[in-house]
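Source file start_14.pdb; content: PDB, C-alpha atoms.
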```
ATOM      1  CA  VAL A1181     -29.642  80.368 -48.008
ATOM      2  CA  SER A1182     -28.581  80.829 -44.369
ATOM      3  CA  GLU A1183     -30.526  77.702 -43.390
ATOM      4  CA  THR A1184     -28.681  75.464 -45.872
ATOM      5  CA  ARG A1185     -26.043  73.044 -44.616
ATOM      6  CA  VAL A1186     -23.465  71.624 -47.034
ATOM      7  CA  VAL A1187     -20.962  68.863 -46.322
ATOM      8  CA  ALA A1188     -18.451  68.283 -49.138
ATOM      9  CA  THR A1189     -16.260  65.176 -49.062
ATOM     10  CA  ILE A1190     -13.153  65.477 -51.260
ATOM     11  CA  ARG A1191     -11.159  62.429 -52.300
ATOM     12  CA  GLY A1192      -7.863  62.523 -54.137
ATOM     13  CA  GLN A1193      -6.495  59.548 -56.027
ATOM     14  CA  ALA A1194      -2.812  59.285 -56.892
ATOM     15  CA  PRO A1195       0.118  56.798 -56.817
ATOM     16  CA  THR A1196       1.039  57.917 -53.298
ATOM     17  CA  GLU A1197      -1.018  58.877 -50.251
ATOM     18  CA  GLU A1198       0.843  62.168 -49.915
ATOM     19  CA  GLU A1199       0.096  63.195 -53.497
ATOM     20  CA  ALA A1200      -3.562  62.219 -53.095
ATOM     21  CA  ARG A1201      -3.775  64.427 -49.999
ATOM     22  CA  GLU A1202      -2.172  67.335 -51.891
ATOM     23  CA  LEU A1203      -4.764  67.002 -54.662
ATOM     24  CA  ALA A1204      -7.597  67.082 -52.121
ATOM     25  CA  GLU A1205      -6.115  70.091 -50.311
ATOM     26  CA  ALA A1206      -5.694  71.947 -53.614
ATOM     27  CA  THR A1207      -9.417  71.623 -54.342
ATOM     28  CA  GLU A1208     -11.510  74.664 -53.491
ATOM     29  CA  ILE A1209     -15.258  74.635 -52.817
ATOM     30  CA  ARG A1210     -16.904  77.973 -53.617
ATOM     31  CA  PHE A1211     -20.250  79.222 -52.304
ATOM     32  CA  GLU A1212     -21.887  81.981 -54.316
ATOM     33  CA  PRO A1213     -25.044  83.335 -52.628
ATOM     34  CA  ALA A1214     -27.263  85.703 -54.594
ATOM     35  CA  GLY A1215     -30.507  86.678 -52.907
ATOM     36  CA  ASP A1216     -32.395  83.478 -52.129
ATOM     37  CA  ARG A1217     -30.177  81.444 -54.496
ATOM     38  CA  LEU A1218     -27.035  79.533 -53.551
ATOM     39  CA  THR A1219     -24.626  78.177 -56.178
ATOM     40  CA  ILE A1220     -21.998  75.628 -55.132
ATOM     41  CA  LYS A1221     -18.984  75.110 -57.395
ATOM     42  CA  ALA A1222     -15.682  73.286 -57.130
ATOM     43  CA  ASP A1223     -12.279  74.262 -58.529
ATOM     44  CA  THR A1224     -10.054  71.193 -58.882
ATOM     45  CA  PRO A1225      -6.385  70.969 -59.866
ATOM     46  CA  LYS A1226      -5.428  69.610 -63.257
ATOM     47  CA  THR A1227      -4.705  65.886 -63.137
ATOM     48  CA  SER A1228      -3.196  63.196 -65.350
ATOM     49  CA  GLY A1229      -1.469  59.836 -65.147
ATOM     50  CA  GLY A1230      -3.923  57.998 -62.896
ATOM     51  CA  ARG A1231      -4.567  61.025 -60.703
ATOM     52  CA  SER A1232      -8.064  62.367 -60.064
ATOM     53  CA  VAL A1233     -10.264  64.260 -57.637
ATOM     54  CA  SER A1234     -13.833  63.340 -56.730
ATOM     55  CA  ILE A1235     -16.284  65.328 -54.616
ATOM     56  CA  SER A1236     -19.544  64.217 -53.020
ATOM     57  CA  TYR A1237     -22.036  66.630 -51.500
ATOM     58  CA  ASP A1238     -24.565  66.149 -48.718
ATOM     59  CA  ILE A1239     -26.884  69.175 -48.775
ATOM     60  CA  VAL A1240     -29.660  69.827 -46.271
ATOM     61  CA  ALA A1241     -31.943  72.715 -47.217
ATOM     62  CA  PRO A1242     -35.380  73.972 -46.130
ATOM     63  CA  GLN A1243     -38.195  71.822 -47.495
ATOM     64  CA  GLN A1244     -39.533  74.680 -49.631
ATOM     65  CA  THR A1245     -36.486  74.758 -51.892
ATOM     66  CA  SER A1246     -35.996  74.411 -55.641
ATOM     67  CA  ILE A1247     -32.809  72.629 -56.666
ATOM     68  CA  GLU A1248     -30.689  72.214 -59.779
ATOM     69  CA  CYS A1249     -27.849  69.725 -59.499
ATOM     70  CA  SER A1250     -25.614  67.906 -61.966
ATOM     71  CA  SER A1251     -22.793  65.399 -61.843
ATOM     72  CA  ALA A1252     -20.293  64.249 -64.443
ATOM     73  CA  SER A1253     -19.806  60.889 -62.746
ATOM     74  CA  GLY A1254     -21.889  59.939 -59.755
ATOM     75  CA  SER A1255     -25.406  59.414 -58.486
ATOM     76  CA  VAL A1256     -27.850  62.168 -57.559
ATOM     77  CA  GLN A1257     -30.503  61.797 -54.851
ATOM     78  CA  ALA A1258     -33.145  64.293 -53.736
ATOM     79  CA  ARG A1259     -35.971  63.865 -51.247
ATOM     80  CA  ASN A1260     -38.467  65.728 -49.065
ATOM     81  CA  LEU A1261     -38.631  68.864 -51.206
ATOM     82  CA  GLN A1262     -41.344  71.301 -52.191
ATOM     83  CA  GLY A1263     -40.307  73.115 -55.382
ATOM     84  CA  ASP A1264     -38.740  72.573 -58.789
ATOM     85  CA  VAL A1265     -36.211  69.752 -59.141
ATOM     86  CA  ARG A1266     -33.713  69.435 -61.993
ATOM     87  CA  ALA A1267     -31.248  66.596 -61.476
ATOM     88  CA  THR A1268     -28.852  65.225 -64.102
ATOM     89  CA  THR A1269     -25.766  63.041 -64.279
ATOM     90  CA  ALA A1270     -23.641  61.717 -67.109
ATOM     91  CA  SER A1271     -22.882  58.427 -65.363
ATOM     92  CA  GLY A1272     -24.901  57.248 -62.399
ATOM     93  CA  SER A1273     -28.447  56.910 -61.112
ATOM     94  CA  VAL A1274     -30.901  59.711 -60.382
ATOM     95  CA  THR A1275     -33.466  59.183 -57.607
ATOM     96  CA  CYS A1276     -36.113  61.545 -56.287
ATOM     97  CA  GLU A1277     -38.759  60.832 -53.672
ATOM     98  CA  ALA A1278     -41.311  62.774 -51.644
ATOM     99  CA  VAL A1279     -41.343  65.905 -53.819
ATOM    100  CA  ARG A1280     -44.298  68.250 -54.206
ATOM    101  CA  GLY A1281     -45.510  71.404 -55.846
ATOM    102  CA  GLY A1282     -43.045  72.023 -58.691
ATOM    103  CA  SER A1283     -41.750  70.672 -61.981
ATOM    104  CA  VAL A1284     -39.398  67.699 -62.034
ATOM    105  CA  HIS A1285     -36.762  66.980 -64.692
ATOM    106  CA  MET A1286     -34.460  63.985 -64.172
ATOM    107  CA  SER A1287     -31.983  62.504 -66.637
ATOM    108  CA  THR A1288     -28.896  60.323 -66.911
ATOM    109  CA  ALA A1289     -26.769  59.110 -69.802
ATOM    110  CA  SER A1290     -25.811  55.862 -68.097
ATOM    111  CA  GLY A1291     -27.852  54.623 -65.171
ATOM    112  CA  SER A1292     -31.377  54.336 -63.836
ATOM    113  CA  VAL A1293     -33.898  57.102 -63.165
ATOM    114  CA  ARG A1294     -36.560  56.684 -60.473
ATOM    115  CA  LEU A1295     -39.249  58.982 -59.084
ATOM    116  CA  SER A1296     -41.642  58.057 -56.267
ATOM    117  CA  ASN A1297     -44.216  59.664 -54.000
ATOM    118  CA  ALA A1298     -44.556  62.909 -55.965
ATOM    119  CA  SER A1299     -47.680  65.076 -55.905
ATOM    120  CA  GLU A1300     -49.050  68.382 -57.197
ATOM    121  CA  LEU A1301     -46.352  68.537 -59.875
ATOM    122  CA  GLY A1302     -46.392  70.595 -63.051
ATOM    123  CA  ASP A1303     -44.358  69.045 -65.860
ATOM    124  CA  CYS A1304     -42.636  65.776 -64.970
ATOM    125  CA  GLU A1305     -39.929  64.423 -67.282
ATOM    126  CA  LEU A1306     -37.663  61.404 -66.730
ATOM    127  CA  GLY A1307     -35.112  60.091 -69.217
ATOM    128  CA  SER A1308     -32.267  57.612 -69.401
ATOM    129  CA  VAL A1309     -30.030  56.871 -72.364
ATOM    130  CA  SER A1310     -28.888  53.535 -70.954
ATOM    131  CA  GLY A1311     -30.877  52.278 -67.988
ATOM    132  CA  ARG A1312     -34.298  51.773 -66.504
ATOM    133  CA  ALA A1313     -36.699  54.718 -66.167
ATOM    134  CA  SER A1314     -39.486  54.289 -63.604
ATOM    135  CA  ALA A1315     -41.988  56.285 -61.582
ATOM    136  CA  GLU A1316     -44.677  55.391 -59.073
ATOM    137  CA  GLN A1317     -47.257  57.255 -57.006
ATOM    138  CA  VAL A1318     -47.005  60.389 -59.128
ATOM    139  CA  GLN A1319     -49.581  63.126 -59.676
ATOM    140  CA  ALA A1320     -48.690  65.824 -62.223
ATOM    141  CA  ASP A1321     -50.048  67.958 -65.053
ATOM    142  CA  SER A1322     -48.019  65.945 -67.561
ATOM    143  CA  ILE A1323     -45.647  62.973 -67.378
ATOM    144  CA  ARG A1324     -42.986  62.059 -69.949
ATOM    145  CA  ILE A1325     -40.785  59.041 -69.293
ATOM    146  CA  SER A1326     -38.326  57.436 -71.705
ATOM    147  CA  SER A1327     -35.305  55.183 -72.054
ATOM    148  CA  ALA A1328     -33.158  54.471 -75.105
ATOM    149  CA  SER A1329     -31.880  51.198 -73.635
ATOM    150  CA  GLY A1330     -33.876  49.876 -70.708
ATOM    151  CA  SER A1331     -37.402  49.328 -69.485
ATOM    152  CA  VAL A1332     -39.910  52.142 -68.986
ATOM    153  CA  GLU A1333     -42.318  51.682 -66.059
ATOM    154  CA  LEU A1334     -45.095  53.797 -64.567
ATOM    155  CA  ARG A1335     -47.375  52.805 -61.693
ATOM    156  CA  ASP A1336     -50.142  54.541 -59.738
ATOM    157  CA  ALA A1337     -49.901  57.754 -61.756
ATOM    158  CA  ARG A1338     -52.375  60.510 -62.570
ATOM    159  CA  ALA A1339     -51.883  63.288 -65.121
ATOM    160  CA  ARG A1340     -53.674  65.036 -67.949
ATOM    161  CA  ASP A1341     -51.127  63.789 -70.514
ATOM    162  CA  ILE A1342     -48.798  60.794 -70.263
ATOM    163  CA  GLU A1343     -46.105  59.890 -72.778
ATOM    164  CA  MET A1344     -43.936  56.758 -72.518
ATOM    165  CA  ARG A1345     -41.219  55.768 -74.994
ATOM    166  CA  GLY A1346     -38.826  52.833 -74.987
ATOM    167  CA  THR A1347     -36.298  52.228 -77.768
ATOM    168  CA  SER A1348     -34.835  48.972 -76.521
ATOM    169  CA  GLY A1349     -36.925  47.587 -73.682
ATOM    170  CA  SER A1350     -40.478  47.033 -72.533
ATOM    171  CA  VAL A1351     -43.018  49.740 -71.717
ATOM    172  CA  HIS A1352     -45.335  49.003 -68.795
ATOM    173  CA  ALA A1353     -48.005  51.217 -67.226
ATOM    174  CA  ASP A1354     -50.115  49.993 -64.321
ATOM    175  CA  ARG A1355     -53.047  51.761 -62.642
ATOM    176  CA  ILE A1356     -52.738  55.027 -64.558
ATOM    177  CA  ASP A1357     -55.331  57.787 -64.814
ATOM    178  CA  CYS A1358     -55.043  60.248 -67.705
ATOM    179  CA  SER A1359     -57.005  61.912 -70.497
ATOM    180  CA  ARG A1360     -54.397  61.288 -73.196
ATOM    181  CA  LEU A1361     -51.780  58.536 -73.448
ATOM    182  CA  ASN A1362     -49.080  57.763 -75.981
ATOM    183  CA  ALA A1363     -47.008  54.646 -75.212
ATOM    184  CA  GLU A1364     -44.440  53.278 -77.671
ATOM    185  CA  SER A1365     -41.884  50.489 -77.595
ATOM    186  CA  ALA A1366     -39.490  49.879 -80.486
ATOM    187  CA  SER A1367     -38.190  46.584 -79.129
ATOM    188  CA  GLY A1368     -40.217  45.038 -76.345
ATOM    189  CA  ARG A1369     -43.699  44.489 -75.008
ATOM    190  CA  ALA A1370     -46.083  47.408 -74.440
ATOM    191  CA  ALA A1371     -48.643  46.825 -71.661
ATOM    192  CA  VAL A1372     -51.046  49.392 -70.210
ATOM    193  CA  GLU A1373     -53.654  49.026 -67.469
ATOM    194  CA  PHE A1374     -55.864  51.998 -66.668
ATOM    195  CA  ALA A1375     -57.028  52.709 -63.135
ATOM    196  CA  PRO A1376     -60.754  52.399 -62.353
ATOM    197  CA  SER A1377     -60.805  56.205 -61.944
ATOM    198  CA  ALA A1378     -59.539  56.844 -65.504
ATOM    199  CA  PRO A1379     -62.014  58.738 -67.727
ATOM    200  CA  ALA A1380     -64.250  56.661 -69.986
ATOM    201  CA  ASN A1381     -63.401  58.929 -72.938
ATOM    202  CA  VAL A1382     -59.624  58.504 -72.700
ATOM    203  CA  ALA A1383     -57.644  58.905 -75.936
ATOM    204  CA  ALA A1384     -54.847  56.314 -75.983
ATOM    205  CA  SER A1385     -52.324  55.162 -78.579
ATOM    206  CA  VAL A1386     -50.188  52.114 -77.698
ATOM    207  CA  SER A1387     -47.749  50.478 -80.114
ATOM    208  CA  SER A1388     -44.771  48.156 -80.397
ATOM    209  CA  ILE A1389     -42.533  47.358 -83.349
ATOM    210  CA  SER A1390     -41.192  44.115 -81.927
ATOM    211  CA  GLY A1391     -43.428  42.812 -79.143
ATOM    212  CA  SER A1392     -47.016  42.348 -78.073
ATOM    213  CA  VAL A1393     -49.470  45.110 -77.137
ATOM    214  CA  THR A1394     -51.927  44.637 -74.259
ATOM    215  CA  VAL A1395     -54.358  47.222 -72.883
ATOM    216  CA  VAL A1396     -56.833  47.004 -70.011
ATOM    217  CA  ALA A1397     -59.336  49.753 -70.839
ATOM    218  CA  PRO A1398     -60.880  52.106 -68.266
ATOM    219  CA  THR A1399     -64.094  50.996 -66.620
ATOM    220  CA  GLY A1400     -67.005  52.081 -68.821
ATOM    221  CA  PHE A1401     -64.813  53.009 -71.796
ATOM    222  CA  ALA A1402     -66.824  54.307 -74.746
ATOM    223  CA  GLY A1403     -65.438  55.310 -78.138
ATOM    224  CA  ARG A1404     -63.532  54.142 -81.183
ATOM    225  CA  VAL A1405     -61.273  51.073 -81.167
ATOM    226  CA  GLU A1406     -58.623  50.422 -83.828
ATOM    227  CA  MET A1407     -56.465  47.313 -83.499
ATOM    228  CA  SER A1408     -53.946  46.004 -86.016
ATOM    229  CA  THR A1409     -50.824  43.899 -86.366
ATOM    230  CA  THR A1410     -48.543  43.075 -89.269
ATOM    231  CA  SER A1411     -47.501  39.703 -87.869
ATOM    232  CA  GLY A1412     -49.620  38.280 -85.063
ATOM    233  CA  SER A1413     -53.221  38.121 -83.885
ATOM    234  CA  VAL A1414     -55.784  40.633 -82.590
ATOM    235  CA  GLN A1415     -58.286  40.056 -79.797
ATOM    236  CA  CYS A1416     -60.893  42.409 -78.312
ATOM    237  CA  ASP A1417     -62.812  41.452 -75.162
ATOM    238  CA  LEU A1418     -64.872  44.669 -75.114
ATOM    239  CA  PRO A1419     -68.499  44.713 -76.394
ATOM    240  CA  LEU A1420     -67.423  46.005 -79.795
ATOM    241  CA  THR A1421     -69.730  47.048 -82.605
ATOM    242  CA  VAL A1422     -67.707  46.250 -85.716
ATOM    243  CA  GLN A1423     -67.859  48.302 -88.877
ATOM    244  CA  GLY A1424     -66.775  46.481 -92.019
ATOM    245  CA  ARG A1425     -64.993  43.163 -92.181
ATOM    246  CA  ILE A1426     -63.286  41.463 -89.263
ATOM    247  CA  GLY A1427     -59.788  40.290 -90.109
ATOM    248  CA  THR A1428     -57.326  38.157 -88.219
ATOM    249  CA  ARG A1429     -54.927  41.103 -88.107
ATOM    250  CA  HIS A1430     -57.242  44.100 -87.973
ATOM    251  CA  ILE A1431     -60.353  45.105 -86.038
ATOM    252  CA  SER A1432     -62.153  48.447 -86.268
ATOM    253  CA  GLY A1433     -65.288  49.380 -84.372
ATOM    254  CA  SER A1434     -66.810  51.256 -81.467
ATOM    255  CA  VAL A1435     -67.918  50.697 -77.903
ATOM    256  CA  GLY A1436     -71.026  52.634 -76.899
ATOM    257  CA  GLN A1437     -71.527  56.241 -77.968
ATOM    258  CA  GLY A1438     -68.563  57.914 -76.297
ATOM    259  CA  THR A1439     -65.776  60.088 -77.679
ATOM    260  CA  GLY A1440     -62.821  58.066 -76.424
ATOM    261  CA  SER A1441     -60.341  56.250 -78.639
ATOM    262  CA  LEU A1442     -58.024  53.249 -78.355
ATOM    263  CA  THR A1443     -55.480  52.834 -81.154
ATOM    264  CA  LEU A1444     -53.299  49.744 -80.775
ATOM    265  CA  HIS A1445     -50.707  48.496 -83.246
ATOM    266  CA  ALA A1446     -47.939  45.894 -83.301
ATOM    267  CA  THR A1447     -45.595  45.266 -86.203
ATOM    268  CA  SER A1448     -44.487  41.878 -84.917
ATOM    269  CA  GLY A1449     -46.649  40.632 -82.066
ATOM    270  CA  SER A1450     -50.204  40.076 -80.864
ATOM    271  CA  VAL A1451     -52.652  42.850 -79.899
ATOM    272  CA  HIS A1452     -55.161  42.390 -77.082
ATOM    273  CA  VAL A1453     -57.603  44.772 -75.373
ATOM    274  CA  ARG A1454     -59.874  43.874 -72.476
TER     275      ARG A1454
END
```

Give the structure from the file, written as structure tokens.
Amino acid sequence: VSETRVVATIRGQAPTEEEARELAEATEIRFEPAGDRLTIKADTPKTSGGRSVSISYDIVAPQQTSIECSSASGSVQARNLQGDVRATTASGSVTCEAVRGGSVHMSTASGSVRLSNASELGDCELGSVSGRASAEQVQADSIRISSASGSVELRDARARDIEMRGTSGSVHADRIDCSRLNAESASGRAAVEFAPSAPANVAASVSSISGSVTVVAPTGFAGRVEMSTTSGSVQCDLPLTVQGRIGTRHISGSVGQGTGSLTLHATSGSVHVR
């Protein structure tokens, strides 16, 4: 705690400069240390009629620090940390980079969420209600990334389990390495490309209600393949041994003798695996 430096910038807004200054001066920043934990809180005066108080913080802490920060209206940024990170805002972006060795939870109601250059993580969860959710160069035990209104993107990622969900927007994963994958898009394209290092027995489910589904399978994939669409075409470029009839909208078969599985489905759109 003693090695933490905090700079708080207080801004008052009012019809006159004098009243704005009084609002800023009436705001109190409180520091509550407890062992190795430091809590920072602000007490602001009541405002109305076009008057308000905003506070921005610039916090420098030792690299081996876990943080929990939230904002009602404003962006949150964290970088160069080793520990747990929990960052949320109601309105604004959330960005984390160069974090290691903890769990990461990032969320915003209105704005983008972005994580980059993160390694040795436990659980990693990113979510946006209205905005893009993206992550790149991430290594974790598990990764969950979602957006209710915006694209969902994941690049150069490795985890045991990966879950991607997009309600209104595309879902795109590029160069990912995992044992289990679940990628869903309600309105938009779903595209997944596995890294060459991904296991041949990966279990993946990729689907879209309104949009195409495309998957580039891991090198040497072996296992079951199920492909279907309600309105569109299906195409498989893998050396598939088909069981039963081949339809224009459904293909079922296997590649080799492995235990992997690829389950791809589109309600309205084409399905392609290669």

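Shortest atom-to-atom contact with Asp1336 of chain A among A:Ser1359, A:Ser1290, A:Ser1299, A:Ser1450: A:Ser1299, counting only C-alpha atoms.
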
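Minimum atom-to-atom distances from A:Val1186, A:Ser1273, A:Ala1289, A:Pro1225 to Glu1205 of chain A were compared using all atoms listed in the file, and the lowest value belongs to A:Pro1225.
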
Worksheet item: Residues at most 6 Å from Arg1312 of chain A, counting all atoms listed in the file, excluding those fewer than 2 positions away in the same chain, as a PyMOL selection string?
Response: chain A and resi 1292+1330-1331

Item to complete: Can you give me, as a ChimeraX atom specification, the residues this file yields under the PyMOL selection byres ((chain A and resi 1196-1199) around 12)?
Response: /A:1191-1195,1200-1206,1225,1227,1230-1233

Enclose all atoms of segment 1199-1213 of chain A listed in the file in an axis-aligned box, grow every side by 3 Å, and hand back centre and edge lengths in Å to one decimal, as lines of an AutoDock Vina configuration file.
```
center_x = -12.5
center_y = 72.8
center_z = -52.3
size_x = 31.1
size_y = 27.1
size_z = 10.7
```

Item to complete: Pull out every residue that the PyMOL selection byres ((chain A and resi 1333) around 8) matches in the shown coordinates and put them as JSON, numbers by chain.
Response: {"A": [1313, 1314, 1315, 1331, 1332, 1334, 1335, 1351, 1352, 1353]}

Worksheet item: What's the 12 Å shell around Gly1440 of chain A, counting all atoms listed in the file, without same-chain residues fewer than 3 positions away, as a ChimeraX atom specification?
Response: /A:1358-1361,1378-1385,1397-1398,1400-1406,1434-1437,1443

Worksheet item: If you count all atoms listed in the file, which residues fall within 12 Å of segment 1451-1453 of chain A, apart from same-chain ones fewer than 3 positions away, as a ChimeraX atom specification?
Response: /A:1369-1374,1384,1386-1398,1401,1405-1420,1428-1431,1442-1448

Item to complete: Have a look at A:Phe1211, A:Arg1294, A:Ala1278, A:Ala1337 and name the one nearest to Val1256 of chain A; count all atoms listed in the file.
Response: A:Arg1294

Worksheet entry | Test item: the PyMOL selection byres ((chain A and resi 1272) around 7) resolved as number ranges by chain | A: 1253-1255, 1269-1271, 1273-1274, 1288, 1290-1291

Worksheet item: Smallest atom-to-atom distance to Ile1220 of chain A: which of A:Ala1258, A:Ala1188, A:Val1279, A:Met1286, using only C-alpha atoms?
Response: A:Ala1188

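Here atom CA of Ile1239 of chain A stands at a distance of 11.4 Å from atom CA of Leu1218 of chain A.
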